[in-house]
Every structure is written in C-alpha cells, then in structure tokens.
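Written out below as structure tokens is the structure these notes cover.
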Protein chains: 2
Amino acid sequence: MSIKVGILGYGNLGRGIECAVKQNDDMELVAVFTRRDPATVTIQTEGVTVANVSDVEKYTDKIDVMILCGGSATDLPEQTPEYAKLFNVVDSFDTHARIPEHFANVDAAAKESGKVAIISVGWDPGLFSLARIYGNAILPQGNDYTFWGKGVSQGHSDAIRRVEGVKDAKQYTIPVDAALDAVRSGSNPTLTTREKHTRECFVVLEEGADAAKVEAEIKNMPNYFADYDTTVHFISEDELKANHSGIPHGGFVIRTGKTGWDEQNNNIIEYSLKLDSNPEFTTSVLIAYARAAYRLNKEGANGCKSVFDIAPAYLSPKSGEELRKEML
Amino acid sequence: MSIKVGILGYGNLGRGIECAVKQNDDMELVAVFTRRDPATVTIQTEGVTVANVSDVEKYTDKIDVMILCGGSATDLPEQTPEYAKLFNVVDSFDTHARIPEHFANVDAAAKESGKVAIISVGWDPGLFSLARIYGNAILPQGNDYTFWGKGVSQGHSDAIRRVEGVKDAKQYTIPVDAALDAVRSGSNPTLTTREKHTRECFVVLEEGADAAKVEAEIKNMPNYFADYDTTVHFISEDELKANHSGIPHGGFVIRTGKTGWDEQNNNIIEYSLKLDSNPEFTTSVLIAYARAAYRLNKEGANGCKSVFDIAPAYLSPKSGEELRKEML
C-alpha cells in the first residue's frame with residue numbers, strides 16, 4: 001500500500017515533488033492543488049487530479065501527506081499552520097531567523113489535529129543543518145564553516161532585475177577556493193564575507209541602457225553585493241537563455257575540531273552538495289521526510305518536528321533488518 | 001546533573017573516551033574497568049577509580065552508560081550482550097557481516113534488562129552508514145561509493161608484521177584521486193578494487209632479512225595486497241617511530257543520483273573525514289551516542305539500536321529550542 005501524496009502549489013518545487021514521487025515506488029501522487037484555475041494548470045503525471053486549493057478539505061481522507069510548495073516569505077507562515085489542521089504536512093520554510101516562531105505556530109496546530117508536521121526540510125535548512133548538528137555533537141571543541149555554491153541565487157538575481165536598465169539577469173554565488181583550502185587545512189581561519197564568496201552576474205540590458213551605470217549600481221548595492229567581490233558580464237538574451245537557464249546549486253559544511261588529552265589532534269568533517277537542479281534536489285529531500293511524517297503519525301506521533309527530531313531509518317523505505325544488513 | 005560514564009577496556013579506544021568525556025561538560029567519568037590488575041593501569045583523569053572488570057556489578061547504580069572499548073573479533077560479541085544486562089551500553093562493533101547477529105543478541109539482552117544498547121557506533125560503521133542511508137533515501141536512483149584513507153589500516157599492518165623477516169610495519173590505505181574525480185564527475189564509473197585504493201607499506205626488517213623476498217611476499221599476499229597496487233618502503237626503526245607513529249585515517253562516502261522527470265539532472269552528495277586520530281574521533285562519536293542512550297532510556301526506551309534509529313537531537317547537549325535557533 002503506497003503513501004498518498006498531495007502537492008500544494010505547482011511551481012518549481014511542486015514540479016520537483018512530482019518527479020520525486022515518480023522515483024519512489026512506495027509513493028503515489030493523488031492530487032495537485034493550485035490557487036489558479038485548475039483548467040489552466042497541466043501537470044506531467046497522467047490521471048492525477050488538479051484541483052483548486054479551496055477544495056482541499058474534500059481530500060482529508062484521500063491524502064496521507066500534503067507537501068507544501070509555497071514560498072517562505074508569505075505563503076508558508078500561513079499555509080503550514082492552516083494545513084497541519086487537516087493533513088500531515090512537510091514544508092521547506094527557509095527563513096532561518098523566523099524558524100522558532102514558525103515552529104511554535106505549526107506545533108500548536110498539529111498538536112490540536114493530531115497530525116505530524118515537519119518544517120524547514122531541504123538542504124539549507126535541512127541536510128546542512130544535519131551536518132552542523134552531527135559535527136557539533138561529535139567535535140564539541142571546534143568551528144563551523146558553511147559555504148554556498150557554485151549556484152544560482154534567486155534573491156540576488158531578482159535584486160539585479162530590479163535595477164533600472166536591466167532586462168534580465170542571473171547571479172551565481174561562488175565559494176572562494178583559497179578560503180575552502182584554508183578551512184580544510186585545519187588552521188581555523190576567521191574569514192570575512194568577502195573572503196568566503198564571490199558573486200558573478202550575467203546581465204541582459206534594456207535597449208539604450210547605460211552599462212557602466214548598471215554595473216556600478218549592482219556592485220554598490222548594500223547587503224546584496226557591496227560586501228563582495230562582484231563581476232558583471234553583459235550578455236545577449238539568447239546567450240542568457242542558452243547558457244544560464246539551469247538552476248544549479250550546492251555548497252559545503254565543514255566542522256573542524258580538536259581531540260586528545262591536550263587537544264593536540266585536528267579532525268575535519270566535510271559535507272558537500274553539487275546539484276544540477278536545486279528545486280529537484282530539495283524536493284527529493286521533502287519526499288523522504290514525507291515518508292517519515294506518514295510513518296511517525298501512524299505510530300501515534302503528532303506536533304511539529306524538524307530534521308533534528310527524525311531518526312534516519314524513518315526516511316528509508318527499507319526495513320530495519322535490511323538497513324542493518326545493507327547500509328550499516 | 002551530569003551523565004555518569006564508565007569505560008570497559010583501556011586501550012586506544014578507552015583512552016579516547018577519557019579525552020572525549022573531558023571535552024563534554026555534561027559528562028563525568030566514574031570508573032575504568034580492566035581485565036588487568038587495576039594497580040598496573042594508570043589513567044589520565046585525576047580521582048577516577050580503576051577497577052577490575054569482575055567488580056562491575058557493584059557499579060550498576062553509579063554508572064548511567066558503559067562504553068565498551070573491546071575489539072570486534074572476540075570481545076564485543078560476548079561483552080555487549082553481557083553488559084547490556086546491567087547498563088545502558090554503547091559499542092563500536094565493526095564486523096559488518098556479523099552486525100545482524102550481534103544486533104539480535106544485544107537486543108534480547110537489553111529488552112530483558114530494560115536498558116538501551118547502541119551498537120556499531122563510530123565512523124564506519126557509524127557516520128559513513130548515516131551518509132549512506134541519507135544519500136539513498138534522498139537520491140533513490142543512484143550509486144554509492146565509499147573510499148577509505150589516507151589512513152593506517154591496523155589489519156594490514158598486522159598482516160605485514162606476520163611476514164618472516166619483518167620486525168615492524170605500518171600500512172597506509174590511500175584512495176586514488178583519479179577514481180574520486182571520476183565519481184565526482186557524475187559519470188557513475190564501475191571501479192575495480194585496484195582502481196579505488198593503493199596500499200603503501202613502511203617496513204622495518206629484522207637483521208639479515210631478505211628485502212626482495214619480503215617485498216614479494218607482501219605484494220602477493222591474497223586478500224590483503226594481491227588485488228592492489230602496493231608500494232613497499234624499507235626504513236629504519238627510528239624512522240618508523242619518528243614519522244609513522246600516528247593513527248590518522250579518514251575517507252569519503254559519495255552518493256550520486258539523478259533527478260528530474262527524465263532523470264536528466266545529476267546531483268552529488270559527498271561526506272568526508274580527515275582525522276589525525278582515528279581512535280580519538282571514533283570515541284568522540286561514541287560519547288555523543290552515549291548521551292543519546294542515556295536520554296532514550298530515561299524516556300523509557302529499551303533494546304538494541306543503531307545510528308539509524310537515533311534522532312540527531314539526542315546527540316546534542318542543547319535543547320530543541322536552542323538547536324532550532326542556532327543550527328537549523
């Protein structure tokens with residue numbers, strides 16, 4: 001009997017969930033919910049319903065886990081508590097500073113409904129958070145380093161697009177090799193923002209726009225670019241489409257720590273991701289945690305959880321016996 | 001109130017536990033148990049009892065978790081079930097093929113006593129197993145690659161020492177960079193034993209021994225060396241002591257997997273360790289899982305568990321609130 005999955009929101013994440021469900025034999029997609037007119041939304045999976053989000057309550061006994069694919073800025077703070085009243089839910093809430101507040105809201109809703117909600121699932125927060133908690137628990141005397149990229153930052157690309165004279169743009173965040181090497185050497189360097197990452201921008205100008213003025217405005221933009229070494233390339237719309245339409249990303253979490261009676265030995269734990277598709281990978285993580293949400297709820301658990309609260313065995317379709325035999 | 005730890009067996013692992021307890025403020029070392037005459041064993045922590053293992057039953061209400069620091073070949077298969085009758089226990093049982101049998105024996109004992117036993121804790125099995133289970137759950141369409149080294153293999157060093165004419169020896173297992181690069185490229189290569197690792201041996205000869213004969217015997221040794229490209233260096237006893245007395249190790253677990261509707265995108269998860277001290281790092285992992293064993297038992301859990309069954313939050317001294325705020 002497969003786990004019945006619903007998707008709420010059909011953007012990059014919703015489409016990624018659809019692909020991830022296809023790869024997991026114990027999962028079945030039941031319906032996609034959209035705020036748009038369902039007749040205007042075409043999905044890839046044959047025979048699956050597209051419904052308006054206003055009809056979601058009709059599906060409470062047809063769906064085991066609802067994957068919430070909205071954005072963190074305005075969608076998820078409302079949606080996750082709301083739908084945790086009806087379903088086991090998983091979200092990818094990634095506004096780090098607001099996680100405690102989001103957790104409290106979702107926990108109250110999920111405890112009342114008796115459902116399981118797992119929030120902030122993906123790779124950061126998510127797998128990178130796991131690398132941090134394992135690294136800190138094992139090497140308590142040490143330092144954490146997180147690097148992002150090489151990858152496309154949606155927020156920075158959007159910021160460039162808001163500059164006058166810019167028609168379209170893509171921004172790559174790139175970790176600095178020398179900084180990575182310094183961390184891996186065990187020297188525990190203190191690194192500035194500028195030393196850790198560079199930013200590379202590919203910009204299509206509006207006709208007649210002043211390239212020098214656009215470049216200066218990008219490079220001096222506070223928060224987004226002013227603290228970084230930024231490179232701006234002006235390219236044609238065709239070139240942007242041909243060479244920069246992917247959504248790759250990745251990064252590194254490194255924990256360095258001392259062991260020994262006199263803390264004389266260095267040890268380095270490194271976790272890294274290199275992803276051709278950021279949303280497809282993120283949703284692959286969401287689907288594994290959807291399996292956990294379903295199972296935990298079956299066992300009687302309820303309330304809000306994060307990746308920290310989920311034993312790894314819950315993520316795998318294999319039994320405890322199989323896991324110990326094949327993977328331990 | 002700190003977690004009261006006992007150490008059973010005072011070799012490299014026992015000494016490592018002692019160092020790890022010192023680094024963790026919520027831990028306290030209560031006693032070290034040895035099969036030797038306690039008067040002959042000097043430990044580093046002031047004011048801590050060294051007792052004979054025959055007195056262990058007197059400590060059942062003084063110790064929260066007993067860390068079993070024996071070997072996997074003959075000690076742990078007997079010790080872990082035996083001491084799980086008296087204490088929460090953690091071991092580093094690493095004979096992969098015998099884990100199912102060991103688990104069953106320990107589980108029966110720990111269920112009867114109402115204690116928690118966590119087996120096969122360390123980095124492989126242990127953290128590398130975690131990298132495998134997370135990687136497989138997230139990228140179900142993919143391949144696993146594990147590389148070990150650069151590091152000292154105790155088993156291979158011992159095998160060399162058994163060759164006639166060898167006075168002492170150290171063997172390093174070294175992953176082949178070209179193989180690592182091929183895996184990281186996402187090409188999903190099929191790699192032979194010879195392509196993945198090389199073996200480098202530093203050998204001190206007995207006086208009058210035949211170097212050519214020793215070298216040939218090492219290189220042709222079945223299972224240990226015959227399937228590898230092996231290099232043998234003959235060095236003096238002083239040089240061995242000066243340059244090869246450390247116990248470094250490490251390795252890489254890489255999961256490569258496809259995502260997308262047509263599985264058109266590659267994604268690579270890499271987990272790696274670079275350790276100056278294999279036993280000190282292993283025991284740092286054991287101590288984090290000792291914390292989990294204690295807490296789980298406090299909550300009423302019992303029976304045998306592996307790293308797959310432990311939610312990451314149990315490893316950290318921080319509260320759920322702190323973890324979500326600082327590490328998620």
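So you can find residues: chains in the structure tokens are A, B, ... in the order shown, residues in each start at 1, and ligands are numbered from 1 in order.
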
**Request:** Write out as a VMD selection string the residues lying within 9 Å of stretch 224-240 of chain A, counting only C-alpha atoms and excluding same-chain residues fewer than 5 positions away.
**Result:** chain A and resid 155 to 156 159 167 to 170 193 to 205 211 215 218 to 219 245

Need to verify the contact set: stretch 99-115 of chain B, 7 Å, only C-alpha atoms, exclusion of same-chain residues closer than 2 positions in sequence. Can you return it as a PDB file with N, CA, C and O atoms, in the first residue's frame?
```
ATOM      1  N   ARG A 324      20.257  -2.556   8.416  1.00  0.00           N
ATOM      2  CA  ARG A 324      21.432  -3.001   9.172  1.00  0.00           C
ATOM      3  C   ARG A 324      22.308  -3.910   8.330  1.00  0.00           C
ATOM      4  O   ARG A 324      23.533  -3.858   8.409  1.00  0.00           O
ATOM      5  N   LYS A 325      21.679  -4.736   7.494  1.00  0.00           N
ATOM      6  CA  LYS A 325      22.434  -5.694   6.669  1.00  0.00           C
ATOM      7  C   LYS A 325      23.149  -4.993   5.513  1.00  0.00           C
ATOM      8  O   LYS A 325      24.294  -5.304   5.191  1.00  0.00           O
TER       9      LYS A 325
ATOM     10  N   PRO B  77      31.348  -9.414  20.797  1.00  0.00           N
ATOM     11  CA  PRO B  77      30.251 -10.384  20.649  1.00  0.00           C
ATOM     12  C   PRO B  77      29.818 -10.984  21.993  1.00  0.00           C
ATOM     13  O   PRO B  77      28.658 -11.330  22.173  1.00  0.00           O
ATOM     14  N   THR B  80      29.029  -7.138  24.809  1.00  0.00           N
ATOM     15  CA  THR B  80      27.880  -6.231  24.660  1.00  0.00           C
ATOM     16  C   THR B  80      26.586  -6.887  25.175  1.00  0.00           C
ATOM     17  O   THR B  80      25.872  -6.270  25.972  1.00  0.00           O
ATOM     18  N   PRO B  81      26.276  -8.143  24.777  1.00  0.00           N
ATOM     19  CA  PRO B  81      25.076  -8.758  25.379  1.00  0.00           C
ATOM     20  C   PRO B  81      25.204  -8.898  26.901  1.00  0.00           C
ATOM     21  O   PRO B  81      24.233  -8.689  27.635  1.00  0.00           O
ATOM     22  N   ALA B  84      24.884  -5.365  28.582  1.00  0.00           N
ATOM     23  CA  ALA B  84      23.555  -4.764  28.349  1.00  0.00           C
ATOM     24  C   ALA B  84      22.534  -5.289  29.359  1.00  0.00           C
ATOM     25  O   ALA B  84      21.454  -4.717  29.503  1.00  0.00           O
ATOM     26  N   LYS B  85      22.881  -6.361  30.047  1.00  0.00           N
ATOM     27  CA  LYS B  85      22.003  -6.843  31.128  1.00  0.00           C
ATOM     28  C   LYS B  85      22.082  -5.948  32.358  1.00  0.00           C
ATOM     29  O   LYS B  85      21.211  -5.974  33.220  1.00  0.00           O
ATOM     30  N   LEU B  86      23.174  -5.170  32.453  1.00  0.00           N
ATOM     31  CA  LEU B  86      23.413  -4.371  33.658  1.00  0.00           C
ATOM     32  C   LEU B  86      23.363  -2.860  33.429  1.00  0.00           C
ATOM     33  O   LEU B  86      23.037  -2.104  34.346  1.00  0.00           O
ATOM     34  N   PHE B  87      23.734  -2.433  32.214  1.00  0.00           N
ATOM     35  CA  PHE B  87      23.911  -0.996  31.957  1.00  0.00           C
ATOM     36  C   PHE B  87      23.327  -0.619  30.589  1.00  0.00           C
ATOM     37  O   PHE B  87      23.190  -1.469  29.715  1.00  0.00           O
ATOM     38  N   ASN B  88      23.041   0.681  30.405  1.00  0.00           N
ATOM     39  CA  ASN B  88      22.966   1.208  29.053  1.00  0.00           C
ATOM     40  C   ASN B  88      24.382   1.105  28.492  1.00  0.00           C
ATOM     41  O   ASN B  88      25.347   1.457  29.184  1.00  0.00           O
ATOM     42  N   THR B  95      32.446  -5.450  12.591  1.00  0.00           N
ATOM     43  CA  THR B  95      32.473  -6.561  11.628  1.00  0.00           C
ATOM     44  C   THR B  95      31.142  -6.529  10.874  1.00  0.00           C
ATOM     45  O   THR B  95      30.137  -7.123  11.297  1.00  0.00           O
ATOM     46  N   HIS B  96      31.127  -5.810   9.730  1.00  0.00           N
ATOM     47  CA  HIS B  96      29.874  -5.516   9.026  1.00  0.00           C
ATOM     48  C   HIS B  96      29.008  -6.760   8.816  1.00  0.00           C
ATOM     49  O   HIS B  96      27.802  -6.735   9.039  1.00  0.00           O
ATOM     50  N   ALA B  97      29.635  -7.863   8.404  1.00  0.00           N
ATOM     51  CA  ALA B  97      28.864  -9.062   8.051  1.00  0.00           C
ATOM     52  C   ALA B  97      28.157  -9.682   9.258  1.00  0.00           C
ATOM     53  O   ALA B  97      27.155 -10.372   9.103  1.00  0.00           O
ATOM     54  N   ALA B 117      20.913  -0.203  24.324  1.00  0.00           N
ATOM     55  CA  ALA B 117      22.240  -0.537  23.801  1.00  0.00           C
ATOM     56  C   ALA B 117      22.342   0.028  22.391  1.00  0.00           C
ATOM     57  O   ALA B 117      21.455  -0.192  21.573  1.00  0.00           O
ATOM     58  N   ASN B 297      16.868   6.007  27.331  1.00  0.00           N
ATOM     59  CA  ASN B 297      16.491   5.129  28.425  1.00  0.00           C
ATOM     60  C   ASN B 297      15.673   5.880  29.476  1.00  0.00           C
ATOM     61  O   ASN B 297      14.692   5.357  30.011  1.00  0.00           O
ATOM     62  N   ASN B 302      14.010   0.903  25.475  1.00  0.00           N
ATOM     63  CA  ASN B 302      14.961  -0.161  25.752  1.00  0.00           C
ATOM     64  C   ASN B 302      15.228  -0.960  24.491  1.00  0.00           C
ATOM     65  O   ASN B 302      14.594  -0.748  23.467  1.00  0.00           O
ATOM     66  N   GLY B 303      16.203  -1.879  24.545  1.00  0.00           N
ATOM     67  CA  GLY B 303      16.542  -2.705  23.391  1.00  0.00           C
ATOM     68  C   GLY B 303      17.743  -2.171  22.637  1.00  0.00           C
ATOM     69  O   GLY B 303      18.339  -1.173  23.019  1.00  0.00           O
ATOM     70  N   CYS B 304      18.084  -2.905  21.565  1.00  0.00           N
ATOM     71  CA  CYS B 304      19.262  -2.546  20.778  1.00  0.00           C
ATOM     72  C   CYS B 304      18.903  -1.572  19.663  1.00  0.00           C
ATOM     73  O   CYS B 304      17.852  -1.687  19.035  1.00  0.00           O
TER      74      CYS B 304
END
```

**Message:** Quick check for you: according to DSSP on this backbone, which residues of stretch 143-245 of chain A are classed as strand (DSSP E)? Reply as a PyMOL selection string.
**Reply:** chain A and resi 143-148+151-152+166-175+197-205+229-234

Non-local contacts of B:Tyr10 (8 Å; only C-alpha atoms; under 2 positions in same chain excluded) as a JSON list (two decimals) with N, CA, C and O atoms, in the first residue's frame:
```
[["chain", "number", "residue", "atom", "x", "y", "z"],
["B", 7, "ILE", "N", 34.05, 3.23, 31.52],
["B", 7, "ILE", "CA", 34.82, 2.72, 30.38],
["B", 7, "ILE", "C", 35.19, 1.28, 30.67],
["B", 7, "ILE", "O", 35.73, 0.98, 31.74],
["B", 8, "LEU", "N", 34.90, 0.39, 29.72],
["B", 8, "LEU", "CA", 35.30, -1.00, 29.91],
["B", 8, "LEU", "C", 36.35, -1.35, 28.87],
["B", 8, "LEU", "O", 36.04, -1.49, 27.68],
["B", 12, "ASN", "N", 43.46, 1.94, 23.11],
["B", 12, "ASN", "CA", 43.33, 3.20, 22.36],
["B", 12, "ASN", "C", 41.93, 3.80, 22.49],
["B", 12, "ASN", "O", 41.79, 5.01, 22.63],
["B", 13, "LEU", "N", 40.90, 2.94, 22.42],
["B", 13, "LEU", "CA", 39.53, 3.46, 22.50],
["B", 13, "LEU", "C", 39.21, 3.97, 23.90],
["B", 13, "LEU", "O", 38.63, 5.03, 24.08],
["B", 14, "GLY", "N", 39.59, 3.21, 24.92],
["B", 14, "GLY", "CA", 39.35, 3.62, 26.29],
["B", 14, "GLY", "C", 39.99, 4.97, 26.59],
["B", 14, "GLY", "O", 39.37, 5.86, 27.18],
["B", 15, "ARG", "N", 41.25, 5.13, 26.13],
["B", 15, "ARG", "CA", 41.93, 6.42, 26.34],
["B", 15, "ARG", "C", 41.23, 7.54, 25.56],
["B", 15, "ARG", "O", 41.16, 8.67, 26.03],
["B", 32, "VAL", "N", 37.03, 3.25, 35.31],
["B", 32, "VAL", "CA", 37.56, 2.49, 34.18],
["B", 32, "VAL", "C", 37.70, 1.04, 34.65],
["B", 32, "VAL", "O", 38.28, 0.79, 35.71],
["B", 33, "PHE", "N", 37.18, 0.12, 33.86],
["B", 33, "PHE", "CA", 37.26, -1.30, 34.20],
["B", 33, "PHE", "C", 38.24, -2.00, 33.28],
["B", 33, "PHE", "O", 38.24, -1.76, 32.07],
["B", 34, "THR", "N", 39.07, -2.85, 33.87],
["B", 34, "THR", "CA", 40.11, -3.53, 33.10],
["B", 34, "THR", "C", 40.16, -5.00, 33.49],
["B", 34, "THR", "O", 39.78, -5.37, 34.61],
["B", 69, "CYS", "N", 34.88, -0.83, 25.15],
["B", 69, "CYS", "CA", 36.01, -0.47, 24.30],
["B", 69, "CYS", "C", 36.83, -1.68, 23.88],
["B", 69, "CYS", "O", 38.02, -1.58, 23.59]]
```

Give me the residues within 8 Å of B:Arg291 as a CSV table (one decimal) with all heavy atoms, in the first residue's frame, counting only C-alpha atoms and dropping any in the same chain fewer than 3 places off.
```csv
chain,number,residue,atom,x,y,z
B,3,ILE,N,26.0,13.2,33.1
B,3,ILE,CA,25.8,11.8,32.7
B,3,ILE,C,27.1,11.0,33.2
B,3,ILE,O,28.2,11.4,32.8
B,3,ILE,CB,25.6,11.7,31.2
B,3,ILE,CG1,24.4,12.5,30.8
B,3,ILE,CG2,25.5,10.2,30.8
B,3,ILE,CD1,24.3,12.6,29.3
B,287,ILE,N,30.8,8.9,22.4
B,287,ILE,CA,30.4,9.7,23.6
B,287,ILE,C,29.1,10.4,23.2
B,287,ILE,O,28.1,10.5,24.0
B,287,ILE,CB,31.5,10.6,24.0
B,287,ILE,CG1,32.4,10.0,25.0
B,287,ILE,CG2,31.0,11.9,24.6
B,287,ILE,CD1,31.7,9.6,26.3
B,288,ALA,N,29.0,10.9,22.0
B,288,ALA,CA,27.7,11.6,21.6
B,288,ALA,C,26.5,10.6,21.6
B,288,ALA,O,25.4,10.9,22.1
B,288,ALA,CB,27.9,12.2,20.2
B,294,TYR,N,21.6,7.3,27.1
B,294,TYR,CA,21.1,7.7,28.5
B,294,TYR,C,19.7,8.4,28.4
B,294,TYR,O,18.8,8.1,29.1
B,294,TYR,CB,22.1,8.7,29.0
B,294,TYR,CG,21.7,9.5,30.3
B,294,TYR,CD1,21.6,8.8,31.5
B,294,TYR,CD2,21.3,10.8,30.2
B,294,TYR,CE1,21.2,9.5,32.6
B,294,TYR,CE2,20.9,11.5,31.3
B,294,TYR,CZ,20.8,10.8,32.5
B,294,TYR,OH,20.4,11.5,33.7
B,295,ARG,N,19.6,9.3,27.4
B,295,ARG,CA,18.3,10.1,27.3
B,295,ARG,C,17.2,9.2,26.9
B,295,ARG,O,16.1,9.3,27.4
B,295,ARG,CB,18.5,11.2,26.3
B,295,ARG,CG,19.3,12.3,26.7
B,295,ARG,CD,19.3,13.3,25.6
B,295,ARG,NE,20.0,14.5,26.0
B,295,ARG,CZ,20.2,15.5,25.1
B,295,ARG,NH1,19.7,15.4,23.9
B,295,ARG,NH2,20.8,16.6,25.5
B,314,TYR,N,19.1,13.9,19.9
B,314,TYR,CA,19.5,13.2,21.1
B,314,TYR,C,21.0,13.2,21.3
B,314,TYR,O,21.5,13.0,22.4
B,314,TYR,CB,19.1,11.7,21.0
B,314,TYR,CG,17.6,11.5,21.3
B,314,TYR,CD1,16.7,11.4,20.3
B,314,TYR,CD2,17.2,11.5,22.6
B,314,TYR,CE1,15.4,11.2,20.5
B,314,TYR,CE2,15.8,11.3,22.9
B,314,TYR,CZ,14.9,11.1,21.8
B,314,TYR,OH,13.6,11.0,22.1
B,315,LEU,N,21.8,13.6,20.3
B,315,LEU,CA,23.3,13.6,20.3
B,315,LEU,C,23.8,14.9,20.9
B,315,LEU,O,25.0,14.9,21.4
B,315,LEU,CB,23.9,13.4,19.0
B,315,LEU,CG,23.4,12.2,18.1
B,315,LEU,CD1,24.1,12.2,16.8
B,315,LEU,CD2,23.7,10.9,18.9
B,316,SER,N,23.0,15.9,20.9
B,316,SER,CA,23.5,17.2,21.3
B,316,SER,C,23.1,17.6,22.7
B,316,SER,O,22.0,17.3,23.1
B,316,SER,CB,22.9,18.3,20.3
B,316,SER,OG,23.2,19.6,20.8
B,317,PRO,N,24.0,18.3,23.5
B,317,PRO,CA,23.6,18.7,24.8
B,317,PRO,C,22.6,19.9,24.8
B,317,PRO,O,22.0,20.2,25.8
B,317,PRO,CB,24.9,19.1,25.4
B,317,PRO,CG,25.8,19.4,24.3
B,317,PRO,CD,25.4,18.5,23.2
```

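With distances restricted to only C-alpha atoms, A:Lys258 is the closest residue to A:Ile138 from A:Gly16, A:Glu280, A:Lys258, A:Lys318.
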
Please tabulate, as a Markdown table, the residues of chain A that come within 6 Å of chain B, each with its closest pair of atoms and the distance in Å to one decimal, counting only C-alpha atoms and ordering rows by chain, then residue number upward.
```
| residue | atom | partner | partner_atom | distance |
| --- | --- | --- | --- | --- |
| A:Cys19 | CA | B:Trp261 | CA | 5.0 |
| A:Pro125 | CA | B:Leu328 | CA | 5.6 |
| A:Ser129 | CA | B:Leu328 | CA | 4.8 |
| A:Ala137 | CA | B:Ser316 | CA | 5.0 |
| A:Ile138 | CA | B:Val285 | CA | 5.3 |
| A:Gly260 | CA | B:Cys19 | CA | 5.5 |
| A:Trp261 | CA | B:Cys19 | CA | 5.0 |
| A:Asn265 | CA | B:Asp276 | CA | 5.5 |
| A:Asn266 | CA | B:Asp276 | CA | 5.5 |
| A:Asn267 | CA | B:Leu275 | CA | 4.4 |
| A:Ile268 | CA | B:Lys274 | CA | 5.1 |
| A:Ile269 | CA | B:Leu273 | CA | 4.8 |
| A:Glu270 | CA | B:Ser272 | CA | 5.2 |
| A:Tyr271 | CA | B:Tyr271 | CA | 4.6 |
| A:Ser272 | CA | B:Glu270 | CA | 5.1 |
| A:Leu273 | CA | B:Ile269 | CA | 4.8 |
| A:Lys274 | CA | B:Ile268 | CA | 5.1 |
| A:Leu275 | CA | B:Asn267 | CA | 4.4 |
| A:Asp276 | CA | B:Asn266 | CA | 5.5 |
| A:Ser284 | CA | B:Ile138 | CA | 5.3 |
| A:Val285 | CA | B:Ile138 | CA | 5.3 |
| A:Ala288 | CA | B:Ile138 | CA | 6.0 |
| A:Phe308 | CA | B:Ala313 | CA | 5.0 |
| A:Asp309 | CA | B:Ala311 | CA | 5.2 |
| A:Ile310 | CA | B:Ala311 | CA | 4.8 |
| A:Ala311 | CA | B:Ala311 | CA | 3.8 |
| A:Pro312 | CA | B:Phe308 | CA | 5.1 |
| A:Ala313 | CA | B:Phe308 | CA | 5.0 |
| A:Leu315 | CA | B:Ala137 | CA | 5.9 |
| A:Ser316 | CA | B:Ala137 | CA | 5.0 |
| A:Met327 | CA | B:Ser129 | CA | 5.7 |
| A:Leu328 | CA | B:Ser129 | CA | 4.8 |
```

**Request:** Give the alpha helix (DSSP H) residues of stretch 182-304 of chain B, as assigned by DSSP on the backbone, as a PyMOL selection string.
**Result:** chain B and resi 182-184+193-196+211-219+237-243+278-298

**Prompt:** Mind pulling up the distance from atom CA of A:Met1 to atom CA of A:Met27?
**Reply:** 8.8 Å

**Request:** Within 10 Å of B:Thr190, counting only C-alpha atoms, which residues show up once you throw out same-chain ones fewer than 6 positions away? Write them as an NGL selection string, please.
**Result:** :B and (143 or 145 or 179 or 182-183 or 196)

Selected residues written out with N, CA and C atoms, as a PDB file, in the first residue's frame:
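Final output, saved to result03.pdb:
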```pdb
ATOM      1  N   ASN B 143      24.026   5.826  -7.207  1.00  0.00           N
ATOM      2  CA  ASN B 143      25.103   4.896  -6.874  1.00  0.00           C
ATOM      3  C   ASN B 143      25.836   5.339  -5.617  1.00  0.00           C
ATOM      4  N   TYR B 145      29.416   5.180  -3.398  1.00  0.00           N
ATOM      5  CA  TYR B 145      30.857   4.943  -3.460  1.00  0.00           C
ATOM      6  C   TYR B 145      31.449   5.228  -2.086  1.00  0.00           C
ATOM      7  N   ALA B 179      40.089   8.076  -9.347  1.00  0.00           N
ATOM      8  CA  ALA B 179      38.812   7.391  -9.109  1.00  0.00           C
ATOM      9  C   ALA B 179      37.831   8.340  -8.419  1.00  0.00           C
ATOM     10  N   ALA B 182      36.562  10.773 -10.955  1.00  0.00           N
ATOM     11  CA  ALA B 182      35.590  10.153 -11.864  1.00  0.00           C
ATOM     12  C   ALA B 182      34.217  10.066 -11.202  1.00  0.00           C
ATOM     13  N   VAL B 183      34.192   9.709  -9.915  1.00  0.00           N
ATOM     14  CA  VAL B 183      32.920   9.619  -9.190  1.00  0.00           C
ATOM     15  C   VAL B 183      32.289  11.005  -9.075  1.00  0.00           C
ATOM     16  N   LYS B 196      40.409   1.769  -7.050  1.00  0.00           N
ATOM     17  CA  LYS B 196      39.913   2.640  -5.977  1.00  0.00           C
ATOM     18  C   LYS B 196      40.976   3.030  -4.951  1.00  0.00           C
TER      19      LYS B 196
END
```

**Message:** Quick one: residues within 7 Å of B:Lys150, only C-alpha atoms, excluding same-chain residues fewer than 3 positions away - as a PyMOL selection string?
**Reply:** chain B and resi 172-175+249-251

Using only C-alpha atoms, please write the residues we just selected to a file, as a PDB file, in the first residue's frame.
```pdb
ATOM      1  CA  TYR B 172      48.534   3.215   4.688  1.00  0.00           C
ATOM      2  CA  THR B 173      45.392   2.789   2.602  1.00  0.00           C
ATOM      3  CA  ILE B 174      45.221   5.589   0.004  1.00  0.00           C
ATOM      4  CA  PRO B 175      42.221   6.454  -2.182  1.00  0.00           C
ATOM      5  CA  HIS B 249      42.503   7.900   8.951  1.00  0.00           C
ATOM      6  CA  GLY B 250      39.518   9.149   7.021  1.00  0.00           C
ATOM      7  CA  GLY B 251      37.629   8.573   3.823  1.00  0.00           C
TER       8      GLY B 251
END
```

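In this structure, atom CA of A:Ile118 sits 26.6 Å away from atom CA of B:Val116.
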